[in-house]
>>> print(open('entry.cif').read())   # mmCIF, C-alpha atoms and all ligand atoms
data_model
loop_
_atom_site.label_atom_id
_atom_site.label_comp_id
_atom_site.auth_asym_id
_atom_site.auth_seq_id
_atom_site.Cartn_x
_atom_site.Cartn_y
_atom_site.Cartn_z
CA MET X 1 227.69 36.68 64.76
CA PRO X 2 224.54 34.77 65.70
CA GLU X 3 224.80 32.71 68.85
CA TYR X 4 223.09 29.65 67.38
CA GLN X 5 222.71 28.12 63.96
CA GLN X 6 220.01 25.88 62.61
CA PRO X 7 220.87 22.21 62.26
CA PRO X 8 221.45 21.10 58.65
CA LYS X 9 218.46 20.06 56.58
CA SER X 10 218.88 16.33 56.77
CA ASN X 11 216.43 13.55 57.42
CA LYS X 12 219.28 11.67 59.10
CA ILE X 13 218.88 13.74 62.28
CA SER X 14 216.34 12.29 64.64
CA PRO X 15 213.81 14.86 65.89
CA ASN X 16 214.28 13.35 69.34
CA SER X 17 218.04 13.81 69.35
CA PRO X 18 219.39 16.34 71.87
CA ILE X 19 221.52 17.80 69.08
CA HIS X 20 218.39 18.85 67.21
CA SER X 21 217.58 21.89 69.29
CA HIS X 22 220.77 23.85 69.63
CA PHE X 23 223.84 24.32 67.48
CA ILE X 24 226.35 26.85 68.69
CA GLU X 25 228.41 29.04 66.35
CA PHE X 26 231.51 31.13 67.03
CA PRO X 27 234.53 32.55 65.17
CA VAL X 28 237.74 30.60 64.49
CA PRO X 29 239.80 31.10 67.69
CA ALA X 30 243.24 32.71 67.82
CA SER X 31 244.54 30.17 70.34
CA VAL X 32 243.57 26.74 71.67
CA LEU X 33 244.94 24.56 74.46
CA VAL X 34 244.11 20.86 74.26
CA ILE X 35 244.41 18.89 77.51
CA VAL X 36 244.20 15.10 77.23
CA ALA X 37 244.84 12.09 79.43
CA HIS X 38 247.00 10.05 77.04
CA ALA X 39 249.26 10.31 74.03
CA ASP X 40 246.93 9.61 71.03
CA ASP X 41 243.73 11.05 72.61
CA MET X 42 244.19 14.35 70.73
CA ASP X 43 244.72 12.51 67.46
CA PHE X 44 241.76 10.19 67.90
CA TYR X 45 239.18 12.65 69.23
CA CYS X 46 239.87 16.15 67.91
CA SER X 47 242.75 16.33 65.41
CA GLY X 48 240.32 17.04 62.54
CA LEU X 49 238.99 20.22 64.13
CA LEU X 50 242.50 21.27 65.21
CA ALA X 51 243.98 20.70 61.74
CA LYS X 52 241.23 22.83 60.20
CA TRP X 53 241.72 25.68 62.66
CA ILE X 54 245.52 25.53 62.36
CA LYS X 55 245.17 25.93 58.59
CA GLN X 56 243.23 29.12 59.30
CA GLY X 57 245.91 30.52 61.62
CA THR X 58 244.96 29.23 65.08
CA GLU X 59 247.84 28.54 67.49
CA VAL X 60 247.29 25.16 69.15
CA ASN X 61 249.26 23.72 72.07
CA LEU X 62 248.82 20.32 73.73
CA VAL X 63 249.12 19.03 77.31
CA VAL X 64 249.30 15.23 77.84
CA VAL X 65 248.61 14.46 81.50
CA THR X 66 249.74 10.84 81.91
CA SER X 67 252.86 9.10 80.68
CA GLY X 68 250.90 6.34 78.92
CA ASP X 69 253.02 3.75 80.72
CA LYS X 70 250.23 1.12 80.84
CA GLY X 71 249.44 1.34 77.14
CA SER X 72 250.53 -2.12 76.03
CA ASN X 73 248.84 -5.52 75.76
CA VAL X 74 252.15 -7.33 76.26
CA PHE X 75 252.56 -8.39 79.89
CA GLY X 76 255.84 -7.19 81.39
CA THR X 77 256.45 -4.35 78.90
CA ASP X 78 259.16 -2.00 80.21
CA PRO X 79 257.11 1.07 81.25
CA GLN X 80 260.00 3.54 80.88
CA ARG X 81 260.73 2.39 77.35
CA LEU X 82 257.03 2.61 76.53
CA VAL X 83 256.86 6.18 77.88
CA LEU X 84 259.72 7.26 75.62
CA THR X 85 258.12 5.56 72.62
CA ARG X 86 254.74 7.13 73.26
CA GLU X 87 256.18 10.61 73.73
CA GLN X 88 258.07 10.32 70.44
CA GLU X 89 254.90 9.13 68.73
CA GLN X 90 252.96 12.08 70.17
CA LEU X 91 255.60 14.58 69.07
CA ALA X 92 255.56 13.12 65.55
CA SER X 93 251.78 13.26 65.27
CA ALA X 94 251.60 16.76 66.77
CA LYS X 95 253.97 17.92 64.04
CA ILE X 96 251.66 16.47 61.38
CA VAL X 97 248.62 18.23 62.84
CA GLY X 98 250.57 21.49 63.22
CA ILE X 99 250.59 21.77 67.01
CA GLN X 100 253.12 24.27 68.30
CA GLU X 101 254.21 22.79 71.66
CA VAL X 102 253.53 19.55 73.54
CA VAL X 103 253.79 19.42 77.36
CA PHE X 104 253.97 16.05 79.16
CA LEU X 105 252.91 16.16 82.83
CA HIS X 106 254.05 12.55 83.53
CA TYR X 107 251.28 11.38 85.87
CA PRO X 108 251.00 7.56 86.14
CA ASP X 109 248.77 6.07 83.45
CA GLY X 110 245.45 4.56 84.63
CA GLU X 111 245.79 6.00 88.13
CA LEU X 112 244.52 9.59 87.87
CA VAL X 113 241.59 8.86 90.19
CA PHE X 114 244.21 8.27 92.91
CA ALA X 115 246.35 11.31 92.03
CA ASN X 116 246.70 14.32 94.32
CA LYS X 117 243.92 16.47 92.78
CA ARG X 118 245.33 19.71 94.13
CA ASN X 119 248.66 19.04 92.45
CA LEU X 120 246.92 18.02 89.24
CA GLN X 121 244.71 21.13 89.26
CA SER X 122 247.74 23.34 89.96
CA ASP X 123 249.67 21.76 87.06
CA ILE X 124 246.73 22.33 84.70
CA VAL X 125 246.06 25.89 85.91
CA ARG X 126 249.76 26.63 85.30
CA GLN X 127 249.46 25.56 81.65
CA ILE X 128 246.25 27.58 81.17
CA ARG X 129 247.91 30.69 82.63
CA ARG X 130 251.01 30.06 80.54
CA PHE X 131 249.36 29.55 77.14
CA LYS X 132 246.36 31.90 77.71
CA PRO X 133 244.07 30.00 75.30
CA GLU X 134 240.82 31.39 73.93
CA ILE X 135 239.41 27.84 73.87
CA LEU X 136 240.17 24.79 76.02
CA VAL X 137 239.50 21.38 74.45
CA THR X 138 239.29 18.27 76.64
CA HIS X 139 237.40 15.06 77.55
CA ASP X 140 233.72 15.31 78.51
CA PRO X 141 233.66 14.34 82.21
CA MET X 142 229.87 14.10 82.34
CA THR X 143 229.05 11.65 79.58
CA ARG X 144 226.62 8.95 80.69
CA LEU X 145 225.81 7.09 77.51
CA LYS X 146 229.37 6.08 76.59
CA ARG X 147 231.95 3.92 78.31
CA VAL X 148 234.63 6.18 79.79
CA HIS X 149 238.25 5.61 80.83
CA SER X 150 238.66 6.94 84.39
CA ASP X 151 241.72 8.98 83.31
CA HIS X 152 239.56 10.72 80.69
CA ARG X 153 236.83 11.50 83.23
CA THR X 154 239.37 12.79 85.77
CA VAL X 155 241.14 15.06 83.29
CA GLY X 156 237.80 16.45 82.10
CA GLU X 157 236.70 17.19 85.68
CA VAL X 158 239.94 18.85 86.68
CA VAL X 159 240.11 20.94 83.50
CA ARG X 160 236.48 22.04 83.98
CA ASP X 161 237.23 23.42 87.45
CA ALA X 162 240.58 24.89 86.41
CA ALA X 163 238.99 26.62 83.41
CA PHE X 164 236.35 28.31 85.55
CA PRO X 165 236.92 29.93 87.90
CA ILE X 166 240.25 28.79 89.39
CA SER X 167 242.70 29.96 86.69
CA GLU X 168 241.13 33.43 86.81
CA ILE X 169 241.40 33.87 90.62
CA CYS X 170 244.71 35.48 91.63
CA ASN X 171 244.63 33.96 95.13
CA CYS X 172 244.44 30.43 93.73
CA TYR X 173 247.98 29.12 93.36
CA PRO X 174 249.43 32.62 94.02
CA GLU X 175 252.96 31.21 93.83
CA GLN X 176 252.45 30.87 90.07
CA ILE X 177 251.97 34.65 89.98
CA ASN X 178 254.50 35.68 92.65
CA LEU X 179 257.30 33.28 91.83
CA GLU X 180 256.72 32.07 88.28
CA GLY X 181 255.65 35.36 86.70
CA LEU X 182 252.35 34.03 85.33
CA GLU X 183 249.08 36.00 85.12
CA THR X 184 245.50 34.95 85.78
CA TRP X 185 243.55 33.86 82.71
CA GLN X 186 239.94 33.20 81.75
CA ALA X 187 239.42 31.11 78.63
CA HIS X 188 236.32 32.05 76.61
CA ARG X 189 235.08 28.55 75.91
CA LEU X 190 235.40 24.94 76.95
CA MET X 191 234.93 22.25 74.31
CA TYR X 192 234.33 18.62 75.24
CA PHE X 193 234.95 15.78 72.80
CA ASP X 194 233.59 12.24 73.18
CA THR X 195 230.36 13.78 74.44
CA ASP X 196 226.82 12.41 74.37
CA LEU X 197 225.33 15.91 74.27
CA PRO X 198 226.91 17.63 71.25
CA ASN X 199 225.98 21.19 70.27
CA TYR X 200 228.73 21.73 67.69
CA PHE X 201 229.93 19.73 64.72
CA VAL X 202 232.66 20.22 62.14
CA ASP X 203 233.08 18.80 58.65
CA ILE X 204 236.52 17.11 58.64
CA GLN X 205 236.49 15.56 55.16
CA GLU X 206 239.24 17.91 53.90
CA VAL X 207 241.57 16.97 56.80
CA LEU X 208 240.62 13.31 57.21
CA GLN X 209 243.90 12.11 55.67
CA THR X 210 245.82 14.35 58.08
CA LYS X 211 243.90 12.80 60.98
CA ILE X 212 244.64 9.27 59.72
CA LYS X 213 248.33 10.10 59.24
CA ALA X 214 248.47 11.57 62.76
CA ILE X 215 246.92 8.54 64.47
CA SER X 216 249.15 6.21 62.42
CA GLN X 217 252.20 7.70 64.18
CA HIS X 218 251.09 5.90 67.36
CA CYS X 219 252.43 2.51 66.22
CA SER X 220 252.58 1.23 69.83
CA GLN X 221 248.79 1.67 70.09
CA GLU X 222 247.82 0.00 66.83
CA TYR X 223 246.79 -3.15 68.77
CA ILE X 224 243.77 -1.22 70.10
CA PHE X 225 242.19 -0.81 66.66
CA THR X 226 240.37 -3.81 65.26
CA GLY X 227 240.89 -3.65 61.50
CA GLY X 228 243.54 -0.95 61.80
CA SER X 229 243.55 2.67 62.93
CA ALA X 230 242.87 4.10 59.45
CA SER X 231 239.58 2.24 59.03
CA CYS X 232 238.56 2.91 62.66
CA ILE X 233 239.13 6.66 62.20
CA THR X 234 237.29 6.66 58.87
CA ASN X 235 234.35 4.70 60.27
CA ARG X 236 234.05 6.92 63.35
CA ALA X 237 234.18 10.11 61.26
CA SER X 238 231.63 8.66 58.85
CA LYS X 239 229.27 7.57 61.64
CA ILE X 240 229.33 11.03 63.24
CA GLY X 241 229.11 12.70 59.82
CA ALA X 242 225.98 10.71 58.93
CA LYS X 243 224.12 12.47 61.76
CA TYR X 244 224.73 15.80 60.02
CA GLY X 245 224.50 14.81 56.36
CA LEU X 246 228.31 14.89 55.97
CA GLU X 247 230.91 12.40 54.77
CA ALA X 248 233.11 12.88 57.85
CA ALA X 249 232.70 14.92 61.02
CA GLU X 250 233.67 15.45 64.66
CA GLU X 251 231.22 16.68 67.28
CA TYR X 252 231.62 18.57 70.55
CA LEU X 253 229.79 20.06 73.51
CA VAL X 254 230.75 23.75 73.72
CA ILE X 255 230.31 25.67 76.97
CA ASN X 256 230.72 29.45 77.09
CA LEU X 257 232.78 30.57 80.09
CA VAL X 258 232.43 34.31 79.53
CA GLU X 259 229.00 35.99 79.43
CA SER X 260 229.61 38.00 76.24
CA HIS X 261 230.92 34.98 74.37
ZN ZN X 301 243.00 8.05 76.46
#
>>> encode(input="entry.cif", output="structure tokens")
Amino acid sequence: MPEYQQPPKSNKISPNSPIHSHFIEFPVPASVLVIVAHADDMDFYCSGLLAKWIKQGTEVNLVVVTSGDKGSNVFGTDPQRLVLTREQEQLASAKIVGIQEVVFLHYPDGELVFANKRNLQSDIVRQIRRFKPEILVTHDPMTRLKRVHSDHRTVGEVVRDAAFPISEICNCYPEQINLEGLETWQAHRLMYFDTDLPNYFVDIQEVLQTKIKAISQHCSQEYIFTGGSASCITNRASKIGAKYGLEAAEEYLVINLVESH
């Protein structure tokens, strides 16, 4: 398997674009763990890629770090009721995409920059050691050219450190090994979505309707999408796809965590 592929022959790719020089290629993974800040992040950013891989036999599990308790534009919304609603919405959409298990870590929404980072890292390392994923998918914590929610940036940073090298070191959170029966784990790759330095793209035309159906389960979040979630998803996929000569696409920054991979 070659390490890199040539970008598609398309005059829509700018020769000055950072994506022009390197496109990574790797086999369909056996297992993936997606770690996101909020219910609906998985659906919005990476459900196309996940749906494609799941159709090819990949096991995908999802961790949602916050409770999503601030996700309303109505002042005075009952946060506990909102949490229950958002978790039900996430479970419904995960079923549509084909995700096996969803774990909610219940950190306060919008406040991850103030969270105890050691506790957060421990909670994320625990899920990595538990699911033993080949690939970790999460928010890009380093993007500079896009506006970024601080919860997204925080999750991306914590997952990056947990993925390498913490989850692989037996003396980091040894109680998970001694008391919980977990084993150390080194994922092969880290994939960032919402990145401004992509080196991987995927054609999602065949699963676009699945992605739209998944995001439409998040009825409580529909207020975010001007013109509706279906058209926002379609427009985003089309805009990314145009860079690669495709009708609809998602793009990622892939980082190898193991030398031979
Ligand atoms: Zn989010």
>>> atom_distance(input="entry.cif", atom1="atom CA of X:Asn235", atom2="atom CA of X:Val97")
19.8 Å
>>> residues_near_point(input="entry.cif", point="(235.5, 8.8, 82.3)", cutoff="12 Å", atoms="only C-alpha atoms", output="ChimeraX atom specification")
/X:36-37,110,112-113,138-158,193-195
>>> closest_residue(input="entry.cif", among="X:Thr226, X:Ser122, X:Thr234, X:Gln205", to="X:Glu175", atoms="all atoms listed in the file")
X:Ser122
>>> residues_near_point(input="entry.cif", point="(245.0, 36.9, 80.8)", cutoff="9 Å", atoms="all atoms listed in the file", output="PyMOL selection string")
chain X and resi 129+132-133+168+183-187
>>> closest_atom_pairs(input="entry.cif", of="stretch 124-206 of chain X", to="stretch 49-72 of chain X", cutoff="10 Å", atoms="only C-alpha atoms", output="CSV")
residue,atom,partner,partner_atom,distance
X:Ile124,CA,X:Val63,CA,8.4
X:Gln127,CA,X:Val63,CA,7.8
X:Ile128,CA,X:Val63,CA,9.8
X:Phe131,CA,X:Asn61,CA,7.7
X:Pro133,CA,X:Val60,CA,8.5
X:Glu134,CA,X:Glu59,CA,9.9
X:Ile135,CA,X:Val60,CA,9.6
X:Leu136,CA,X:Val60,CA,9.9
X:Val137,CA,X:Leu62,CA,9.4
X:Thr138,CA,X:Val63,CA,9.9
X:Asp151,CA,X:Thr66,CA,8.4
X:His152,CA,X:Val65,CA,9.8
X:Val155,CA,X:Val65,CA,7.7
X:Phe201,CA,X:Leu49,CA,9.1
X:Val202,CA,X:Leu49,CA,6.6
X:Asp203,CA,X:Leu49,CA,8.2
X:Ile204,CA,X:Leu49,CA,6.8
X:Glu206,CA,X:Lys52,CA,8.2
>>> closest_residue(input="entry.cif", among="X:Val102, X:Gly48, X:Gly228, X:Asp41", to="ligand ZN 301 (chain X)", atoms="only C-alpha atoms and all ligand atoms")
X:Asp41
>>> atom_distance(input="entry.cif", atom1="atom CA of X:Leu91", atom2="atom CA of X:Lys117")
26.5 Å
>>> atom_distance(input="entry.cif", atom1="atom CA of X:His38", atom2="atom ZN of ligand ZN 301 (chain X)")
4.5 Å
>>> closest_residue(input="entry.cif", among="X:Ser231, X:Ser167, X:Gln217, X:Ser31", to="X:Ala92", atoms="all atoms listed in the file")
X:Gln217
>>> residues_around(input="entry.cif", residues="X:Ile224", least_positions_apart="3", cutoff="12 Å", atoms="only C-alpha atoms", output="mmCIF file with C-alpha atoms, keeping the file's coordinate frame")
data_model
loop_
_atom_site.group_PDB
_atom_site.id
_atom_site.type_symbol
_atom_site.label_atom_id
_atom_site.label_comp_id
_atom_site.auth_asym_id
_atom_site.auth_seq_id
_atom_site.Cartn_x
_atom_site.Cartn_y
_atom_site.Cartn_z
ATOM 1 C CA ASP X 40 246.930 9.610 71.030
ATOM 2 C CA PHE X 44 241.760 10.190 67.900
ATOM 3 C CA GLY X 71 249.440 1.340 77.140
ATOM 4 C CA SER X 72 250.530 -2.120 76.030
ATOM 5 C CA ASN X 73 248.840 -5.520 75.760
ATOM 6 C CA ILE X 215 246.920 8.540 64.470
ATOM 7 C CA SER X 216 249.150 6.210 62.420
ATOM 8 C CA HIS X 218 251.090 5.900 67.360
ATOM 9 C CA CYS X 219 252.430 2.510 66.220
ATOM 10 C CA SER X 220 252.580 1.230 69.830
ATOM 11 C CA GLN X 221 248.790 1.670 70.090
ATOM 12 C CA GLY X 227 240.890 -3.650 61.500
ATOM 13 C CA GLY X 228 243.540 -0.950 61.800
ATOM 14 C CA SER X 229 243.550 2.670 62.930
ATOM 15 C CA ALA X 230 242.870 4.100 59.450
ATOM 16 C CA CYS X 232 238.560 2.910 62.660
#
>>> build_atoms(input="entry.cif", residues="stretch 182-209 of chain X", atoms="N, CA and C atoms", output="PDB file, keeping the file's coordinate frame")
ATOM      1  N   LEU X 182     253.538  34.251  86.161  1.00  0.00           N
ATOM      2  CA  LEU X 182     252.350  34.030  85.330  1.00  0.00           C
ATOM      3  C   LEU X 182     251.247  35.024  85.703  1.00  0.00           C
ATOM      4  N   GLU X 183     250.228  35.122  84.848  1.00  0.00           N
ATOM      5  CA  GLU X 183     249.080  36.000  85.120  1.00  0.00           C
ATOM      6  C   GLU X 183     247.815  35.149  85.118  1.00  0.00           C
ATOM      7  N   THR X 184     246.769  35.663  85.789  1.00  0.00           N
ATOM      8  CA  THR X 184     245.500  34.950  85.780  1.00  0.00           C
ATOM      9  C   THR X 184     244.957  34.937  84.344  1.00  0.00           C
ATOM     10  N   TRP X 185     244.088  33.949  84.068  1.00  0.00           N
ATOM     11  CA  TRP X 185     243.550  33.860  82.710  1.00  0.00           C
ATOM     12  C   TRP X 185     242.159  33.231  82.729  1.00  0.00           C
ATOM     13  N   GLN X 186     241.269  33.788  81.943  1.00  0.00           N
ATOM     14  CA  GLN X 186     239.940  33.200  81.750  1.00  0.00           C
ATOM     15  C   GLN X 186     239.748  32.841  80.286  1.00  0.00           C
ATOM     16  N   ALA X 187     239.724  31.547  80.004  1.00  0.00           N
ATOM     17  CA  ALA X 187     239.420  31.110  78.630  1.00  0.00           C
ATOM     18  C   ALA X 187     237.978  31.478  78.300  1.00  0.00           C
ATOM     19  N   HIS X 188     237.680  31.665  77.020  1.00  0.00           N
ATOM     20  CA  HIS X 188     236.320  32.050  76.610  1.00  0.00           C
ATOM     21  C   HIS X 188     235.377  30.854  76.535  1.00  0.00           C
ATOM     22  N   ARG X 189     235.941  29.726  76.118  1.00  0.00           N
ATOM     23  CA  ARG X 189     235.080  28.550  75.910  1.00  0.00           C
ATOM     24  C   ARG X 189     235.791  27.272  76.306  1.00  0.00           C
ATOM     25  N   LEU X 190     234.955  26.296  76.678  1.00  0.00           N
ATOM     26  CA  LEU X 190     235.400  24.940  76.950  1.00  0.00           C
ATOM     27  C   LEU X 190     234.724  24.043  75.915  1.00  0.00           C
ATOM     28  N   MET X 191     235.513  23.176  75.293  1.00  0.00           N
ATOM     29  CA  MET X 191     234.930  22.250  74.310  1.00  0.00           C
ATOM     30  C   MET X 191     235.230  20.826  74.753  1.00  0.00           C
ATOM     31  N   TYR X 192     234.170  20.020  74.870  1.00  0.00           N
ATOM     32  CA  TYR X 192     234.330  18.620  75.240  1.00  0.00           C
ATOM     33  C   TYR X 192     234.180  17.735  74.011  1.00  0.00           C
ATOM     34  N   PHE X 193     235.123  16.822  73.816  1.00  0.00           N
ATOM     35  CA  PHE X 193     234.950  15.780  72.800  1.00  0.00           C
ATOM     36  C   PHE X 193     234.495  14.495  73.485  1.00  0.00           C
ATOM     37  N   ASP X 194     234.123  13.508  72.686  1.00  0.00           N
ATOM     38  CA  ASP X 194     233.590  12.240  73.180  1.00  0.00           C
ATOM     39  C   ASP X 194     232.388  12.502  74.105  1.00  0.00           C
ATOM     40  N   THR X 195     231.518  13.373  73.655  1.00  0.00           N
ATOM     41  CA  THR X 195     230.360  13.780  74.440  1.00  0.00           C
ATOM     42  C   THR X 195     229.087  13.077  73.956  1.00  0.00           C
ATOM     43  N   ASP X 196     228.109  12.932  74.835  1.00  0.00           N
ATOM     44  CA  ASP X 196     226.820  12.410  74.370  1.00  0.00           C
ATOM     45  C   ASP X 196     225.776  13.533  74.297  1.00  0.00           C
ATOM     46  N   LEU X 197     226.234  14.782  74.407  1.00  0.00           N
ATOM     47  CA  LEU X 197     225.330  15.910  74.270  1.00  0.00           C
ATOM     48  C   LEU X 197     225.952  16.990  73.380  1.00  0.00           C
ATOM     49  N   PRO X 198     226.211  16.666  72.114  1.00  0.00           N
ATOM     50  CA  PRO X 198     226.910  17.630  71.250  1.00  0.00           C
ATOM     51  C   PRO X 198     226.034  18.831  70.889  1.00  0.00           C
ATOM     52  N   ASN X 199     226.674  19.998  70.795  1.00  0.00           N
ATOM     53  CA  ASN X 199     225.980  21.190  70.270  1.00  0.00           C
ATOM     54  C   ASN X 199     226.834  21.885  69.209  1.00  0.00           C
ATOM     55  N   TYR X 200     227.846  21.175  68.711  1.00  0.00           N
ATOM     56  CA  TYR X 200     228.730  21.730  67.690  1.00  0.00           C
ATOM     57  C   TYR X 200     229.299  20.581  66.876  1.00  0.00           C
ATOM     58  N   PHE X 201     229.309  20.748  65.561  1.00  0.00           N
ATOM     59  CA  PHE X 201     229.930  19.730  64.720  1.00  0.00           C
ATOM     60  C   PHE X 201     230.793  20.412  63.673  1.00  0.00           C
ATOM     61  N   VAL X 202     231.770  19.661  63.155  1.00  0.00           N
ATOM     62  CA  VAL X 202     232.660  20.220  62.140  1.00  0.00           C
ATOM     63  C   VAL X 202     232.888  19.182  61.052  1.00  0.00           C
ATOM     64  N   ASP X 203     232.818  19.641  59.812  1.00  0.00           N
ATOM     65  CA  ASP X 203     233.080  18.800  58.650  1.00  0.00           C
ATOM     66  C   ASP X 203     234.597  18.587  58.549  1.00  0.00           C
ATOM     67  N   ILE X 204     235.069  17.348  58.660  1.00  0.00           N
ATOM     68  CA  ILE X 204     236.520  17.110  58.640  1.00  0.00           C
ATOM     69  C   ILE X 204     236.983  16.362  57.388  1.00  0.00           C
ATOM     70  N   GLN X 205     236.115  16.308  56.376  1.00  0.00           N
ATOM     71  CA  GLN X 205     236.490  15.560  55.160  1.00  0.00           C
ATOM     72  C   GLN X 205     237.822  16.036  54.574  1.00  0.00           C
ATOM     73  N   GLU X 206     238.025  17.363  54.535  1.00  0.00           N
ATOM     74  CA  GLU X 206     239.240  17.910  53.900  1.00  0.00           C
ATOM     75  C   GLU X 206     240.511  17.610  54.699  1.00  0.00           C
ATOM     76  N   VAL X 207     240.376  17.257  55.969  1.00  0.00           N
ATOM     77  CA  VAL X 207     241.570  16.970  56.800  1.00  0.00           C
ATOM     78  C   VAL X 207     241.582  15.526  57.300  1.00  0.00           C
ATOM     79  N   LEU X 208     240.707  14.693  56.731  1.00  0.00           N
ATOM     80  CA  LEU X 208     240.620  13.310  57.210  1.00  0.00           C
ATOM     81  C   LEU X 208     241.946  12.559  57.024  1.00  0.00           C
ATOM     82  N   GLN X 209     242.619  12.790  55.899  1.00  0.00           N
ATOM     83  CA  GLN X 209     243.900  12.110  55.670  1.00  0.00           C
ATOM     84  C   GLN X 209     244.966  12.566  56.668  1.00  0.00           C
TER      85      GLN X 209
END
